[in-house]
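Asks: One structure coming up, written as C-alpha cells, with questions to follow.
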Amino acid sequence: AQSVTQPDIHITVSEGASLELRCNYSYGATPYLFWYVQSPGQGLQLLLKYFSGDTLVQGIKGFEAEFKRSQSSFNLRKPSVHWSDAAEYFCAVGGNNDMRFGAGTRLTVKP
Amino acid sequence: DAGVIQSPRHEVTEMGQEVTLRCKPISGHNSLFWYRQTMMRGLELLIYFNNNVPIDDSGMPEDRFSAKMPNASFSTLKIQPSEPRDSAVYFCASSHPQRGISTDTQYFGPGTRLTVL
C-alpha cells in the first residue's frame with residue numbers, strides 16, 4: 001500500500017514570506033497526489049491535485065505544487081503567505097483503490 | 001449546496017454510553033467516508049461506502065464501532081460502549097465517484113468533536 005510522509009509537524013513563517021511544505025510518498029506506480037487544507041474547527045478542503053501531465057499544478061488560494069518523480073515528492077508552495085493561510089495542511093496519495101493521508105503540517109503565520 | 005452535514009458538532013458523554021454520529025452527504029455523491037482524527041494518530045479512515053454498501057471497514061478499530069448507510073442521504077457511526085480513548089474528531093466525507101477512491105476529490109464535513117469522560 002502507498003504511504004505519505006510530511007516531515008515537518010509545525011512550520012512558522014512571517015506574513016509575506018514564501019512557503020514550502022514538504023510531502024514525500026511511497027508508491028510503486030504513478031500516484032494520484034492531493035493537498036488539502038484544514039482551517040481551525042473545519043473539515044478538510046481540497047487545494048489542488050495532480051494526476052498526470054504538467055508536473056506543476058496550480059490550486060486555489062494562490063497555492064501550487066510540483067510533482068518530482070525522481071524525488072518521490074509533491075511539495076506545496078506559495079510565494080507570499082497571508083495570515084489567513086494559518087491552518088493544517090495534509091498531503092494525500094491515491095492508488096490501489098485507496099487514499100492515504102499524511103500526518104499533516106501545522107502552519108503558523110507571524111504578523 | 002449545503003455541503004456535507006454532520007451532527008452533532010460536539011458530543012460529551014460518559015464512558016459506557018452509546019454514541020451515535022450522523023452524516024448527510026452532498027446530494028448526488030454516492031461514496032461516503034468516515035474518518036477519525038487525533039493528535040496521536042492523525043487522520044484515519046474508518047470505513048467507506050459506495051452506493052450505500054460498505055466497501056472497506058478494515059479501519060474500524062474494534063467491534064464497539066459500527067456504521068450504517070440505510071440510504072443515499074444518511075449515514076451513522078455508532079460507538080457502543082464508548083471509552084475515553086474514543087475521544088477524537090470524527091469526520092464524514094463524500095465524493096462523486098468518477099474514477100474511484102484513489103482519484104476522486106473528497107468533500108469533508110465540519111466534524112463532530114467527541115469527548116468521552
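Chain identifiers are assigned as A, B, and so on, following the order in which chains appear in the C-alpha cells; residues are numbered from 1 within each chain, and ligands are numbered from 1 in order of appearance.
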Show me, as a PyMOL selection string, the residues of chain A whose atoms get within 10 Å of chain B, using only C-alpha atoms for the distance check.
Replies: chain A and resi 31-34+36+38-46+48-51+90+92-104
Asks: Got time to write the residues from that selection, C-alpha atoms, as a short mmCIF file (atom, residue, chain, number, x, y, z; two decimals), in the first residue's frame?
Replies:
```cif
data_model
loop_
_atom_site.label_atom_id
_atom_site.label_comp_id
_atom_site.auth_asym_id
_atom_site.auth_seq_id
_atom_site.Cartn_x
_atom_site.Cartn_y
_atom_site.Cartn_z
CA PRO A 31 0.43 8.15 -7.85
CA TYR A 32 -2.50 10.47 -7.64
CA LEU A 33 -1.48 13.32 -5.35
CA PHE A 34 -3.51 15.81 -3.38
CA TYR A 36 -5.89 19.51 1.45
CA GLN A 38 -7.94 22.25 7.30
CA SER A 39 -8.79 25.54 8.95
CA PRO A 40 -9.43 25.51 12.70
CA GLY A 41 -12.72 23.85 13.55
CA GLN A 42 -13.45 22.87 9.99
CA GLY A 43 -13.16 19.89 7.70
CA LEU A 44 -10.56 19.40 5.02
CA GLN A 45 -10.80 21.29 1.74
CA LEU A 46 -9.02 20.38 -1.48
CA LEU A 48 -5.05 21.05 -5.63
CA LYS A 49 -4.42 17.65 -7.16
CA TYR A 50 -2.10 16.00 -9.64
CA PHE A 51 -2.96 13.07 -11.85
CA PHE A 90 -2.45 17.47 4.53
CA ALA A 92 -2.57 12.58 0.32
CA VAL A 93 -1.73 9.89 -2.19
CA GLY A 94 -4.24 7.76 -4.07
CA GLY A 95 -3.66 4.38 -5.65
CA ASN A 96 -4.66 0.71 -5.32
CA ASN A 97 -8.26 1.83 -4.86
CA ASP A 98 -7.14 3.54 -1.67
CA MET A 99 -6.34 7.01 -0.36
CA ARG A 100 -3.77 7.71 2.34
CA PHE A 101 -3.31 10.99 4.17
CA GLY A 102 -0.12 12.29 5.73
CA ALA A 103 0.05 13.32 9.37
CA GLY A 104 -0.28 16.98 8.47
#
```
Asks: DSSP on the backbone: what in chain A comes out strand (DSSP E or B), as a ChimeraX atom specification?
Replies: /A:3-5,10-14,19-21,24-26,32-38,44-50,56-58,64-68,73-78,87-95,98-101,105-110
Asks: To one decimal place in Å, what is the distance between CA of Leu114 (chain B) and CA of Asp8 (chain A)?
Replies: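 Value for the CA of Leu114 (chain B)-CA of Asp8 (chain A) distance: 27.1 Å.
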Asks: For Tyr89 (chain A), which of A:Ser70, A:Trp35, A:Thr5, A:Gly62 is the closest residue, counting only C-alpha atoms?
Replies: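 Checking each candidate against Tyr89 (chain A), we get A:Trp35 as the closest.
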Asks: Pick the closest to Asp86 (chain B) from B:Val12, B:Val53, B:Ala72, B:Ile5: which is it, counting only C-alpha atoms?
Replies: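 Of B:Val12, B:Val53, B:Ala72, B:Ile5, the one nearest Asp86 (chain B), counting only C-alpha atoms, is B:Val12.
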Asks: Quote the spacing between CA of Ala88 (chain B) and CA of Ile11 (chain A) in Å to one decimal place.
Replies: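 Result for CA of Ala88 (chain B) versus CA of Ile11 (chain A): 23.5 Å, one decimal.
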Asks: Excluding same-chain residues fewer than 3 positions from Ala67 (chain B), what lies within 8 Å of it counting only C-alpha atoms, as a ChimeraX atom specification?
Replies: /B:47,75-78
Asks: I need the residues from that last selection saved to file as a PDB file, in the first residue's frame (with N, CA, C and O atoms), if you can.
Replies:
```pdb
ATOM      1  N   ILE B  47     -14.066   3.667   7.652  1.00  0.00           N
ATOM      2  CA  ILE B  47     -14.887   2.859   6.768  1.00  0.00           C
ATOM      3  C   ILE B  47     -15.324   3.724   5.599  1.00  0.00           C
ATOM      4  O   ILE B  47     -15.426   4.934   5.728  1.00  0.00           O
ATOM      5  N   SER B  75     -26.015   8.574   6.890  1.00  0.00           N
ATOM      6  CA  SER B  75     -25.158   7.532   7.443  1.00  0.00           C
ATOM      7  C   SER B  75     -24.952   7.796   8.922  1.00  0.00           C
ATOM      8  O   SER B  75     -25.012   8.949   9.379  1.00  0.00           O
ATOM      9  N   THR B  76     -24.741   6.732   9.676  1.00  0.00           N
ATOM     10  CA  THR B  76     -24.451   6.847  11.106  1.00  0.00           C
ATOM     11  C   THR B  76     -23.197   6.073  11.445  1.00  0.00           C
ATOM     12  O   THR B  76     -22.876   5.053  10.830  1.00  0.00           O
ATOM     13  N   LEU B  77     -22.501   6.584  12.444  1.00  0.00           N
ATOM     14  CA  LEU B  77     -21.375   5.888  13.054  1.00  0.00           C
ATOM     15  C   LEU B  77     -21.698   5.763  14.532  1.00  0.00           C
ATOM     16  O   LEU B  77     -21.935   6.759  15.204  1.00  0.00           O
ATOM     17  N   LYS B  78     -21.735   4.517  15.005  1.00  0.00           N
ATOM     18  CA  LYS B  78     -22.143   4.270  16.377  1.00  0.00           C
ATOM     19  C   LYS B  78     -20.994   3.661  17.165  1.00  0.00           C
ATOM     20  O   LYS B  78     -20.246   2.798  16.646  1.00  0.00           O
TER      21      LYS B  78
END
```
Asks: What's around region 81-88 of chain A at 6 Å? Count only C-alpha atoms, leave out sequence neighbours fewer than 2 positions away in its own chain, and write the answer as an NGL selection string.
Replies: :A and (15-17 or 37-39 or 105-109)
Asks: Considering only C-alpha atoms, state which residue in the set A:Thr12, A:Gln6, A:Ser18, A:Asn24 is at the smallest distance from Gln71 (chain A).
Replies: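 Distance minimum relative to Gln71 (chain A) lands on A:Asn24.
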